[in-house]
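> mmCIF, C-alpha atoms and all ligand atoms, saved as query-v2.cif, coming up:
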data_run
#
loop_
_atom_site.label_atom_id
_atom_site.label_comp_id
_atom_site.auth_asym_id
_atom_site.auth_seq_id
_atom_site.Cartn_x
_atom_site.Cartn_y
_atom_site.Cartn_z
CA MET A 119 7.72 21.12 12.82
CA THR A 120 7.45 17.42 13.52
CA ASN A 121 9.48 16.05 16.41
CA PHE A 122 10.29 12.53 15.26
CA ASP A 123 11.45 11.52 18.76
CA GLU A 124 7.93 12.22 19.93
CA THR A 125 6.20 10.42 17.05
CA ARG A 126 8.17 7.30 17.91
CA SER A 127 6.41 7.22 21.29
CA ARG A 128 3.13 6.90 19.41
CA PHE A 129 4.05 3.30 18.54
CA GLN A 130 4.61 0.14 20.52
CA ILE A 131 7.94 -1.25 19.33
CA PRO A 132 9.31 -4.13 21.43
CA ASP A 133 12.51 -3.34 23.35
CA GLY A 134 15.61 -4.33 21.44
CA VAL A 135 13.85 -4.33 18.06
CA ILE A 136 14.76 -2.10 15.13
CA TYR A 137 11.78 -2.37 12.82
CA LEU A 138 12.56 -2.00 9.13
CA ASP A 139 9.50 -3.82 7.79
CA GLY A 140 6.83 -1.15 8.01
CA ASN A 141 6.63 -1.43 4.23
CA SER A 142 4.98 -4.83 4.75
CA LEU A 143 3.18 -4.56 8.10
CA GLY A 144 3.30 -1.38 10.17
CA PRO A 145 3.74 -1.69 13.97
CA LEU A 146 0.99 -1.23 16.55
CA PRO A 147 0.19 2.42 17.27
CA ARG A 148 -0.59 3.17 20.91
CA GLY A 149 -4.26 3.92 21.48
CA VAL A 150 -5.38 1.30 19.03
CA GLN A 151 -5.97 -1.40 21.61
CA ALA A 152 -8.09 0.91 23.75
CA ARG A 153 -10.17 1.84 20.72
CA ALA A 154 -10.68 -1.78 19.72
CA ALA A 155 -11.71 -2.61 23.30
CA GLU A 156 -14.14 0.32 23.33
CA VAL A 157 -15.73 -0.75 20.06
CA MET A 158 -16.16 -4.26 21.38
CA GLN A 159 -17.16 -3.53 24.97
CA HIS A 160 -19.16 -0.36 24.56
CA ASP A 161 -20.43 -0.24 20.99
CA TRP A 162 -20.95 -3.91 20.27
CA GLY A 163 -21.29 -5.03 23.87
CA THR A 164 -23.89 -2.52 25.01
CA GLN A 165 -25.40 -1.03 21.86
CA LEU A 166 -25.69 -4.23 19.86
CA ILE A 167 -27.36 -3.70 16.45
CA THR A 168 -28.17 -0.07 17.27
CA ALA A 169 -24.44 0.70 17.08
CA TRP A 170 -24.65 0.77 13.28
CA ASN A 171 -26.30 4.17 13.73
CA LYS A 172 -25.46 5.23 17.28
CA ALA A 173 -21.75 4.49 17.02
CA GLY A 174 -21.53 5.56 13.39
CA TRP A 175 -20.45 2.16 12.10
CA MET A 176 -22.31 2.61 8.81
CA ASP A 177 -20.42 5.80 7.99
CA LEU A 178 -16.97 4.45 8.85
CA PRO A 179 -15.94 3.52 5.27
CA ARG A 180 -16.54 7.10 4.09
CA ARG A 181 -15.22 8.83 7.20
CA VAL A 182 -12.00 6.82 7.32
CA GLY A 183 -11.77 7.16 3.53
CA ASP A 184 -11.66 10.93 3.92
CA ARG A 185 -8.81 10.62 6.44
CA VAL A 186 -6.82 8.40 4.06
CA GLY A 187 -7.71 10.75 1.20
CA GLY A 188 -6.04 13.58 3.08
CA LEU A 189 -2.74 11.67 2.90
CA ILE A 190 -2.93 11.01 -0.85
CA GLY A 191 -4.11 14.35 -2.19
CA ALA A 192 -7.72 13.27 -2.70
CA PRO A 193 -10.68 15.52 -1.88
CA ALA A 194 -13.30 14.61 0.71
CA GLY A 195 -15.84 12.17 -0.67
CA SER A 196 -13.53 10.56 -3.23
CA VAL A 197 -12.12 7.63 -1.22
CA VAL A 198 -13.97 4.77 0.42
CA MET A 199 -12.64 1.90 2.51
CA GLY A 200 -13.42 -1.80 2.29
CA ASP A 201 -12.39 -5.29 1.24
CA THR A 202 -8.78 -6.20 0.49
CA LEU A 203 -6.46 -4.52 -1.97
CA SER A 204 -6.70 -7.42 -4.43
CA VAL A 205 -10.48 -6.95 -4.48
CA LYS A 206 -10.12 -3.19 -4.97
CA VAL A 207 -7.74 -3.81 -7.90
CA PHE A 208 -10.42 -5.99 -9.49
CA GLN A 209 -13.08 -3.38 -8.86
CA ALA A 210 -11.03 -0.50 -10.28
CA LEU A 211 -9.91 -2.52 -13.29
CA SER A 212 -13.40 -3.69 -14.18
CA ALA A 213 -14.73 -0.13 -13.89
CA ALA A 214 -11.78 1.17 -15.95
CA LEU A 215 -12.41 -1.35 -18.74
CA LYS A 216 -16.06 -0.28 -18.86
CA LEU A 217 -14.86 3.29 -19.50
CA SER A 218 -12.41 2.38 -22.22
CA GLY A 219 -14.59 1.34 -25.15
CA ASP A 220 -13.42 -1.41 -27.48
CA ARG A 221 -9.76 -1.41 -26.56
CA LYS A 222 -8.50 -4.73 -25.25
CA VAL A 223 -5.04 -4.24 -23.75
CA ILE A 224 -4.31 -3.82 -20.04
CA LEU A 225 -0.77 -2.47 -19.71
CA SER A 226 1.28 -3.06 -16.57
CA ASP A 227 4.90 -3.67 -15.67
CA THR A 228 6.87 -6.75 -14.75
CA GLY A 229 7.66 -5.28 -11.32
CA ASN A 230 4.02 -5.10 -10.33
CA PHE A 231 2.92 -7.08 -7.30
CA PRO A 232 1.72 -10.49 -8.54
CA SER A 233 -1.75 -10.19 -7.00
CA ASP A 234 -2.49 -7.17 -9.22
CA LEU A 235 -1.51 -9.16 -12.29
CA TYR A 236 -3.43 -12.22 -11.09
CA MET A 237 -6.58 -10.14 -10.59
CA ALA A 238 -6.24 -8.83 -14.16
CA GLN A 239 -5.80 -12.38 -15.45
CA GLY A 240 -8.90 -13.53 -13.55
CA LEU A 241 -10.99 -10.64 -14.82
CA ILE A 242 -9.85 -11.23 -18.39
CA ALA A 243 -10.85 -14.89 -18.13
CA ALA A 244 -14.23 -14.02 -16.63
CA LEU A 245 -15.00 -11.39 -19.30
CA ASP A 246 -13.89 -13.73 -22.10
CA GLN A 247 -13.90 -10.86 -24.60
CA GLY A 248 -10.36 -11.09 -25.90
CA HIS A 249 -8.67 -8.76 -23.43
CA GLN A 250 -4.95 -9.13 -22.98
CA LEU A 251 -2.54 -8.31 -20.16
CA ARG A 252 0.67 -6.80 -21.52
CA THR A 253 3.60 -6.34 -19.13
CA VAL A 254 6.78 -4.47 -19.96
CA ALA A 255 9.86 -3.55 -17.92
CA PRO A 256 9.19 -0.61 -15.57
CA GLU A 257 11.58 1.61 -17.57
CA ALA A 258 9.72 0.75 -20.81
CA VAL A 259 6.21 1.78 -19.73
CA THR A 260 6.33 5.25 -21.29
CA GLU A 261 7.17 4.00 -24.74
CA ALA A 262 4.67 1.14 -24.45
CA LEU A 263 1.77 3.59 -24.16
CA SER A 264 -0.16 3.40 -27.41
CA GLU A 265 -3.66 3.79 -28.77
CA ASP A 266 -4.48 0.09 -28.47
CA VAL A 267 -4.08 0.26 -24.68
CA ALA A 268 -7.36 0.41 -22.74
CA VAL A 269 -6.03 0.68 -19.19
CA LEU A 270 -2.67 1.49 -17.65
CA MET A 271 -2.49 -0.25 -14.28
CA LEU A 272 0.69 0.30 -12.28
CA THR A 273 1.94 0.11 -8.74
CA HIS A 274 3.50 3.50 -8.03
CA VAL A 275 6.37 2.19 -5.87
CA ASP A 276 7.80 -1.21 -6.78
CA TYR A 277 7.47 -3.65 -3.86
CA ARG A 278 10.85 -5.23 -4.53
CA THR A 279 13.15 -2.42 -5.59
CA GLY A 280 11.35 0.66 -4.30
CA ARG A 281 11.59 2.20 -7.79
CA MET A 282 8.96 4.93 -8.11
CA HIS A 283 7.13 5.81 -11.31
CA ASP A 284 6.50 9.43 -12.27
CA MET A 285 2.76 9.40 -11.61
CA ALA A 286 1.96 12.81 -13.07
CA ALA A 287 3.94 12.35 -16.30
CA LEU A 288 2.71 8.82 -17.02
CA THR A 289 -0.90 9.71 -16.23
CA GLN A 290 -0.75 12.70 -18.51
CA LYS A 291 0.80 10.82 -21.41
CA ALA A 292 -1.59 7.88 -21.04
CA GLN A 293 -4.67 10.06 -20.88
CA ALA A 294 -3.55 12.01 -23.96
CA LEU A 295 -3.75 8.66 -25.78
CA GLY A 296 -7.21 7.91 -24.39
CA ILE A 297 -5.97 5.40 -21.82
CA VAL A 298 -7.72 5.04 -18.45
CA VAL A 299 -5.24 5.06 -15.54
CA ILE A 300 -5.19 3.12 -12.25
CA TRP A 301 -2.48 3.57 -9.63
CA ASP A 302 -1.87 1.07 -6.83
CA LEU A 303 -0.62 3.10 -3.87
CA ALA A 304 0.13 0.17 -1.54
CA HIS A 305 3.74 1.29 -1.09
CA SER A 306 3.02 5.02 -1.40
CA ALA A 307 0.21 5.94 1.00
CA GLY A 308 1.89 7.29 4.12
CA ALA A 309 5.31 6.78 2.55
CA VAL A 310 5.67 9.47 -0.12
CA PRO A 311 3.65 12.54 -1.09
CA VAL A 312 0.88 11.65 -3.55
CA ASP A 313 -1.25 14.24 -5.31
CA LEU A 314 -4.18 12.42 -6.90
CA THR A 315 -6.02 15.65 -7.65
CA GLY A 316 -2.99 17.12 -9.40
CA ALA A 317 -2.05 13.96 -11.31
CA GLY A 318 -5.67 13.23 -12.29
CA PRO A 319 -5.81 9.43 -12.70
CA GLU A 320 -9.28 7.96 -13.01
CA PHE A 321 -8.74 5.43 -10.20
CA ALA A 322 -6.36 4.64 -7.36
CA VAL A 323 -6.34 1.83 -4.82
CA GLY A 324 -4.15 0.88 -1.90
CA CYS A 325 -3.82 -0.96 1.38
CA THR A 326 -3.53 0.40 4.89
CA TYR A 327 -1.55 -2.23 6.79
CA LYS A 328 1.85 -0.95 5.64
CA TYR A 329 2.76 2.71 6.14
CA LEU A 330 -0.68 3.54 7.56
CA ASN A 331 -0.28 0.98 10.36
CA GLY A 332 -3.87 -0.30 10.26
CA GLY A 333 -2.87 -3.83 11.32
CA PRO A 334 -2.94 -7.20 9.58
CA GLY A 335 -5.95 -7.46 7.28
CA ALA A 336 -6.76 -3.73 7.55
CA PRO A 337 -9.25 -2.61 4.90
CA ALA A 338 -8.11 -1.34 1.53
CA PHE A 339 -9.21 1.88 -0.18
CA ILE A 340 -10.40 2.94 -3.59
CA TYR A 341 -10.36 6.43 -5.08
CA VAL A 342 -12.52 7.44 -8.02
CA ARG A 343 -11.92 10.81 -9.67
CA PRO A 344 -14.84 13.05 -8.66
CA ASP A 345 -16.14 13.67 -12.19
CA LEU A 346 -16.51 9.90 -12.75
CA GLN A 347 -18.11 8.95 -9.49
CA ASP A 348 -21.65 8.86 -10.82
CA THR A 349 -20.75 6.93 -13.97
CA ALA A 350 -18.01 4.49 -12.89
CA PHE A 351 -19.60 1.06 -13.01
CA PRO A 352 -19.44 -0.97 -9.79
CA VAL A 353 -19.07 -4.54 -10.99
CA LEU A 354 -18.98 -5.78 -7.40
CA SER A 355 -22.55 -4.61 -6.92
CA GLY A 356 -23.14 -5.43 -3.28
CA TRP A 357 -26.05 -4.13 -1.30
CA LEU A 358 -24.13 -1.44 0.59
CA GLY A 359 -23.19 0.18 -2.71
CA HIS A 360 -26.88 0.36 -3.60
CA GLU A 361 -28.65 3.71 -3.79
CA ALA A 362 -31.06 2.58 -1.04
CA PRO A 363 -29.69 -0.49 0.74
CA PHE A 364 -32.51 -0.65 3.25
CA ALA A 365 -35.21 -0.53 0.57
CA PHE A 366 -34.13 -4.13 -0.17
CA ASP A 367 -35.11 -3.79 -3.82
CA ALA A 368 -34.57 -6.81 -6.03
CA ASP A 369 -32.76 -4.69 -8.63
CA TYR A 370 -29.40 -3.07 -8.19
CA ARG A 371 -29.13 0.71 -8.61
CA PRO A 372 -25.71 2.14 -7.84
CA ALA A 373 -25.48 4.78 -5.15
CA ALA A 374 -24.45 8.28 -6.13
CA GLY A 375 -20.80 9.15 -5.62
CA ILE A 376 -18.05 7.05 -4.09
CA GLU A 377 -20.56 5.03 -2.01
CA ARG A 378 -21.17 2.81 -5.04
CA MET A 379 -17.69 1.36 -4.57
CA ARG A 380 -18.76 -0.12 -1.25
CA CYS A 381 -19.71 -3.73 -1.46
CA GLY A 382 -20.84 -5.60 1.67
CA THR A 383 -20.67 -5.20 5.44
CA PRO A 384 -17.56 -3.29 6.55
CA PRO A 385 -15.16 -4.96 9.01
CA VAL A 386 -16.08 -2.55 11.80
CA ILE A 387 -13.49 -3.55 14.38
CA GLN A 388 -10.61 -3.56 11.91
CA MET A 389 -11.77 -0.28 10.39
CA SER A 390 -11.99 1.30 13.85
CA VAL A 391 -8.47 0.07 14.51
CA LEU A 392 -7.33 1.80 11.34
CA ASP A 393 -9.21 4.96 12.31
CA ALA A 394 -7.35 5.02 15.64
CA ALA A 395 -4.04 4.18 13.93
CA LEU A 396 -4.40 7.25 11.71
CA ASP A 397 -4.15 9.40 14.84
CA ALA A 398 -0.40 8.70 14.64
CA TRP A 399 -0.42 11.22 11.78
CA ASP A 400 -1.86 14.06 13.86
CA GLY A 401 0.25 17.17 13.38
CA VAL A 402 2.60 15.39 10.96
CA THR A 403 2.97 16.41 7.34
CA ILE A 404 3.81 13.91 4.65
CA ALA A 405 6.37 16.41 3.30
CA GLU A 406 8.33 16.26 6.56
CA VAL A 407 8.08 12.47 6.66
CA ARG A 408 9.40 12.32 3.10
CA ALA A 409 12.34 14.63 3.84
CA GLN A 410 13.27 12.54 6.87
CA SER A 411 12.80 9.29 4.94
CA ILE A 412 15.25 10.49 2.30
CA ALA A 413 17.79 11.54 4.94
CA LEU A 414 17.56 8.17 6.74
CA SER A 415 17.66 6.21 3.47
CA GLN A 416 20.76 8.03 2.24
CA ARG A 417 22.41 7.39 5.59
CA PHE A 418 21.56 3.69 5.43
CA ILE A 419 22.77 3.30 1.84
CA ALA A 420 26.04 5.07 2.60
CA ALA A 421 26.69 2.97 5.72
CA VAL A 422 25.86 -0.36 4.07
CA GLU A 423 27.83 0.36 0.90
CA ALA A 424 30.85 1.44 2.93
CA ALA A 425 30.80 -1.71 5.06
CA CYS A 426 29.34 -4.45 2.84
CA PRO A 427 31.01 -4.70 -0.57
CA ASP A 428 29.12 -7.94 -1.33
CA LEU A 429 25.75 -6.20 -1.29
CA THR A 430 24.45 -4.42 -4.40
CA LEU A 431 21.97 -1.58 -4.19
CA VAL A 432 18.97 -2.46 -6.35
CA SER A 433 16.88 0.56 -5.39
CA PRO A 434 17.36 3.71 -7.45
CA ARG A 435 20.25 5.76 -6.09
CA ASP A 436 18.37 8.96 -6.85
CA PRO A 437 15.99 9.50 -3.89
CA LEU A 438 13.49 11.20 -6.15
CA GLN A 439 13.02 7.94 -8.03
CA ARG A 440 12.72 5.84 -4.90
CA GLY A 441 9.85 5.26 -2.47
CA SER A 442 10.48 4.78 1.24
CA GLN A 443 12.37 1.51 1.15
CA VAL A 444 15.93 0.49 0.37
CA SER A 445 16.73 -2.88 -1.20
CA PHE A 446 20.02 -4.68 -1.64
CA ALA A 447 20.73 -7.81 -3.64
CA PHE A 448 22.87 -10.39 -1.86
CA GLU A 449 23.44 -13.97 -2.95
CA HIS A 450 22.86 -15.19 0.61
CA GLY A 451 20.10 -12.69 1.29
CA TYR A 452 17.64 -15.17 2.78
CA PRO A 453 19.82 -16.58 5.58
CA ALA A 454 21.41 -13.17 6.11
CA MET A 455 17.96 -11.65 6.71
CA GLN A 456 17.07 -14.47 9.10
CA ALA A 457 20.30 -13.85 11.02
CA LEU A 458 19.52 -10.13 11.13
CA ILE A 459 16.00 -10.76 12.42
CA ALA A 460 17.42 -13.08 15.08
CA ARG A 461 19.46 -10.07 16.29
CA GLY A 462 16.38 -7.87 16.51
CA VAL A 463 16.76 -6.01 13.21
CA ILE A 464 13.61 -6.85 11.27
CA GLY A 465 13.56 -6.37 7.51
CA ASP A 466 12.42 -8.92 4.95
CA PHE A 467 13.47 -10.87 1.91
CA ARG A 468 12.01 -11.14 -1.58
CA ALA A 469 13.09 -13.83 -4.00
CA PRO A 470 15.40 -14.34 -5.64
CA ASP A 471 18.00 -12.39 -3.62
CA ILE A 472 16.60 -9.09 -2.33
CA MET A 473 16.95 -7.85 1.24
CA ARG A 474 14.30 -5.18 1.80
CA PHE A 475 14.38 -2.43 4.40
CA GLY A 476 11.42 -0.11 4.99
CA ILE A 477 12.35 3.39 6.11
CA THR A 478 9.62 4.81 8.33
CA PRO A 479 10.58 8.06 10.10
CA LEU A 480 7.57 8.07 12.42
CA TYR A 481 9.30 5.40 14.50
CA LEU A 482 12.86 5.02 13.18
CA SER A 483 15.79 7.20 14.23
CA ALA A 484 19.25 7.85 12.78
CA ASP A 485 20.68 5.75 15.64
CA ASP A 486 18.46 2.84 14.58
CA ILE A 487 19.74 3.17 11.02
CA ASP A 488 23.37 3.15 12.16
CA ALA A 489 22.81 0.17 14.45
CA ALA A 490 20.98 -1.77 11.73
CA ALA A 491 23.76 -1.13 9.21
CA ALA A 492 26.39 -2.23 11.75
CA GLN A 493 24.52 -5.48 12.49
CA LEU A 494 24.11 -6.15 8.77
CA ALA A 495 27.82 -5.59 8.18
CA ALA A 496 28.74 -8.02 10.95
CA ILE A 497 26.42 -10.69 9.56
CA VAL A 498 27.64 -10.34 5.99
CA ASN A 499 31.34 -9.83 6.62
CA ASP A 500 31.70 -12.44 9.39
CA ARG A 501 29.45 -14.91 7.51
CA LEU A 502 27.15 -15.13 10.51
CA TRP A 503 24.38 -16.12 8.08
CA ASP A 504 26.23 -19.34 7.25
CA SER A 505 24.37 -21.59 9.64
CA ASP A 506 21.65 -24.18 9.12
CA GLN A 507 19.33 -22.42 11.54
CA TYR A 508 18.98 -19.50 9.13
CA ARG A 509 18.56 -21.47 5.92
CA ALA A 510 15.20 -23.13 6.69
CA ARG A 511 12.50 -21.22 4.88
CA ASN A 512 9.50 -20.02 6.89
CA ALA A 513 6.00 -19.99 5.42
CA VAL A 514 5.67 -16.18 5.60
CA THR A 515 8.84 -14.39 4.61
C1 LIG B 1 1.22 -3.57 -4.63
C2 LIG B 1 0.39 -4.58 -3.93
N1 LIG B 1 -0.79 -4.95 -4.49
C3 LIG B 1 -1.57 -5.87 -3.90
C4 LIG B 1 -1.20 -6.47 -2.71
C5 LIG B 1 -2.13 -7.51 -2.13
O1 LIG B 1 -2.96 -6.94 -1.20
P1 LIG B 1 -4.04 -7.77 -0.36
O2 LIG B 1 -3.35 -8.97 0.21
O3 LIG B 1 -4.44 -6.81 0.71
O4 LIG B 1 -5.16 -8.13 -1.23
C6 LIG B 1 0.00 -6.09 -2.08
C7 LIG B 1 0.47 -6.67 -0.80
O5 LIG B 1 0.24 -7.74 -0.39
C8 LIG B 1 0.82 -5.15 -2.74
O6 LIG B 1 1.99 -4.78 -2.22
N1 LIG B 2 -0.26 -8.73 3.03
C1 LIG B 2 0.74 -9.56 3.46
C2 LIG B 2 0.40 -10.70 4.21
O1 LIG B 2 -0.91 -10.94 4.46
C3 LIG B 2 1.41 -11.57 4.64
C4 LIG B 2 2.73 -11.28 4.36
C5 LIG B 2 3.09 -10.18 3.61
C6 LIG B 2 2.08 -9.34 3.14
C7 LIG B 2 2.40 -8.20 2.29
O2 LIG B 2 1.73 -7.21 2.36
C8 LIG B 2 3.49 -8.32 1.34
C9 LIG B 2 3.69 -7.04 0.63
N2 LIG B 2 2.62 -6.64 -0.24
C10 LIG B 2 4.99 -6.99 -0.16
O3 LIG B 2 5.32 -5.92 -0.61
O4 LIG B 2 5.68 -7.97 -0.30
#
How does this structure look as structure tokens?
Ligand SMILES: Cc1ncc(COP(=O)(O)O)c(C=O)c1O
Ligand SMILES: Nc1c(O)cccc1C(=O)C[C@H](N)C(=O)O


Amino acid sequence: MTNFDETRSRFQIPDGVIYLDGNSLGPLPRGVQARAAEVMQHDWGTQLITAWNKAGWMDLPRRVGDRVGGLIGAPAGSVVMGDTLSVKVFQALSAALKLSGDRKVILSDTGNFPSDLYMAQGLIAALDQGHQLRTVAPEAVTEALSEDVAVLMLTHVDYRTGRMHDMAALTQKAQALGIVVIWDLAHSAGAVPVDLTGAGPEFAVGCTYKYLNGGPGAPAFIYVRPDLQDTAFPVLSGWLGHEAPFAFDADYRPAAGIERMRCGTPPVIQMSVLDAALDAWDGVTIAEVRAQSIALSQRFIAAVEAACPDLTLVSPRDPLQRGSQVSFAFEHGYPAMQALIARGVIGDFRAPDIMRFGITPLYLSADDIDAAAAQLAAIVNDRLWDSDQYRARNAVT
């Protein structure tokens, strides 16, 4: 059984900080700096170009992909790392449209992260074949599934509210109507149990700088269902997705399997950092993390609702419909969050009025939750947010 007091020691959290923003950028796992230094000093510094083979750099995207796959219910060889999540959304969507015949509608929801919608808009414009992006309220997705829809593209856990879609049920209903399904797991991987094999979507994508603690700019991942791996079309046909990259042929031939979803040179240092960061999951099951996340989230909701009548829970109250974050609406949410951060309790704010709190059991305790709720109550009830110093908007919020 996981000892969450011990897992906390796997992370470097500054003294006096309660970190409730692991849903945006996970903290630094211990061991990562040593690994980065080793890659630079030993691999790069002494092996130079030979490190691509000797240090296994060329295999990193597949090897790390398998480790991430283990956390999202994907079999070995079905996940590969690379690029950013926005790029992986584009790649999955273009491959999904190629599989979906003459249909023209991409269905998503209004809660989706804007970059996913922007990538769809860009792809539609580039294709110029009359495709259309249709967005409906998250609760209306099921009834919006129809035979004119080509692709259902959803983010599993809503970045603002934490609302979680029923992946298995929506995938099943969509596929029964001939719709190709893509899930964005940005707020799910390492946060909630995901069973890609059981749910059976054609594609999934996600990032690794949130609950997987891979650091700012950590590489994204893409999953392709095993039976489609040799037919899914890699629109981003870079040389490292070629069947024989070092043949340097003039014509592109996609590699067999998931390798075709690679594009160009992998960011070796950042990917090694992620590889080391995944050690924080050694001996930990996602089921235990989920159970603890629910317990801590319920505790936080109860404490905040008891002490802060001006805050309104905007996350689902039912834990089974919620990811691993808790969000409250508050008219003065922006300055209140700044005041909270100034006191060492770090969450974040999403317009227009949402205070977001990521619940990450690997490094958060029940005492942290109680202390964070108490600080929040003091700020809200004593109007400690009502000061010019907290109103000025920062560039990254
Ligand atoms: C659901 C979702 N999709 C896409 C993105 C964009 O990812 P990236 O900046 O890595 O391209 C994010 C976060 O920024 C996200 O939360
Ligand atoms: N990727 C980010 C970044 O480069 C800067 C600031 C925030 C982010 C985020 O990941 C935001 C995140 N996707 C969100 O849920 O709001």

> Any residue with an atom at most 7 Å from ligand LIG 2 (chain B) counts, using all atoms listed in the file. Which are they? Put them as a ChimeraX atom specification.

/A:141-143,277-278,334-335,514-515

> Dump the neighbourhood of ligand LIG 1 (chain B) as a PyMOL selection string: all residues within 7 Å, distances computed on all atoms listed in the file.

chain A and resi 202-205+230-231+233-234+273+277+302-305+325+335+338

> Residues of segment 263-372 of chain A that approach segment 438-447 of chain A to 7 Å or less, counting only C-alpha atoms: could you list each one with the shortest pair of atoms and its distance in Å to one decimal, rows by chain and increasing residue number, as CSV?


residue,atom,partner,partner_atom,distance
A:Val275,CA,A:Gly441,CA,5.8
A:Thr279,CA,A:Ser445,CA,5.7
A:Gly280,CA,A:Gly441,CA,5.2
A:Arg281,CA,A:Arg440,CA,4.8
A:Met282,CA,A:Arg440,CA,5.0
A:Ser306,CA,A:Gly441,CA,6.9
A:Ala309,CA,A:Ser442,CA,5.7
A:Val310,CA,A:Gly441,CA,6.4

> Between atom CA of Lys222 of chain A and atom CA of Ile242 of chain A, what distance in Å does the model show, to one decimal?

9.5 Å

> Measure the distance from atom CA of Ser355 of chain A to atom CA of Phe208 of chain A in Å and round it to one decimal.

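Between atom CA of Ser355 of chain A and atom CA of Phe208 of chain A the gap works out to 12.5 Å.
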
> Which residues come within 6 Å of Thr228 of chain A, counting all atoms listed in the file, excluding same-chain residues fewer than 6 positions away, as a short mmCIF file (atom, residue, chain, number, x, y, z; two decimals) with C-alpha atoms, in the frame of the given file?


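Writing done, so here's out_7.cif:
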data_model
loop_
_atom_site.label_atom_id
_atom_site.label_comp_id
_atom_site.auth_asym_id
_atom_site.auth_seq_id
_atom_site.Cartn_x
_atom_site.Cartn_y
_atom_site.Cartn_z
CA THR A 253 3.60 -6.34 -19.13
CA VAL A 254 6.78 -4.47 -19.96
CA ALA A 255 9.86 -3.55 -17.92
#

> Just the number, please: distance in Å from atom CA of Gly332 of chain A to atom CA of Ile404 of chain A, one decimal.

17.1 Å

> Between A:Ala214, A:Pro479, A:Leu458, A:Phe448, which residue has the minimum interatomic distance to Val353 of chain A, considering all atoms listed in the file?

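Of A:Ala214, A:Pro479, A:Leu458, A:Phe448, the one nearest Val353 of chain A is A:Ala214, counting all atoms listed in the file.
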
> Please provide the set of residues having any atom within 9 Å of segment 176-182 of chain A, restricted to only C-alpha atoms, with same-chain residues fewer than 6 positions apart removed, written as a PyMOL selection string.

chain A and resi 169-170+194-200+339+376-377+380+383-384+386+389-390+392-393+396

> Which is closer to Pro319 of chain A than all the others in A:Pro344, A:Pro145, A:Gly140, A:Gly219, using all atoms listed in the file?

A:Pro344

> Tell me which of A:Ala469, A:Ala490, A:Ala395, A:Ile387 sits closest to Arg417 of chain A, counting only C-alpha atoms.

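Among the listed residues, the smallest separation from Arg417 of chain A belongs to A:Ala490.
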
> Env of Ser218 of chain A: 10 Å cut, atoms = only C-alpha atoms, seq-sep filter 3 positions within chain, self excluded. Answer as an MDAnalysis selection string.

chainID A and resid 213:215 221:222 267:269 296:298

> Rank A:Leu138, A:Leu494, A:Leu263, A:Ile340 by their smallest atom-to-atom distance to Glu320 of chain A, using only C-alpha atoms, and report the top residue only.

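Counting only C-alpha atoms, the residue closest to Glu320 of chain A is A:Ile340.
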
> What residues have an atom no more than 10 Å from (2.5, 14.2, 10.9) in the file's own frame, counting only C-alpha atoms, and can you write them as a VMD selection string?

chain A and resid 119 to 122 125 189 308 396 to 407 480

> Compare A:Thr349, A:Thr164, A:Gln410, A:Thr430 by their minimum atom-to-atom distance to Ser483 of chain A, counting all atoms listed in the file, and give me the closest one.

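The answer is A:Gln410, which sits nearest to Ser483 of chain A.
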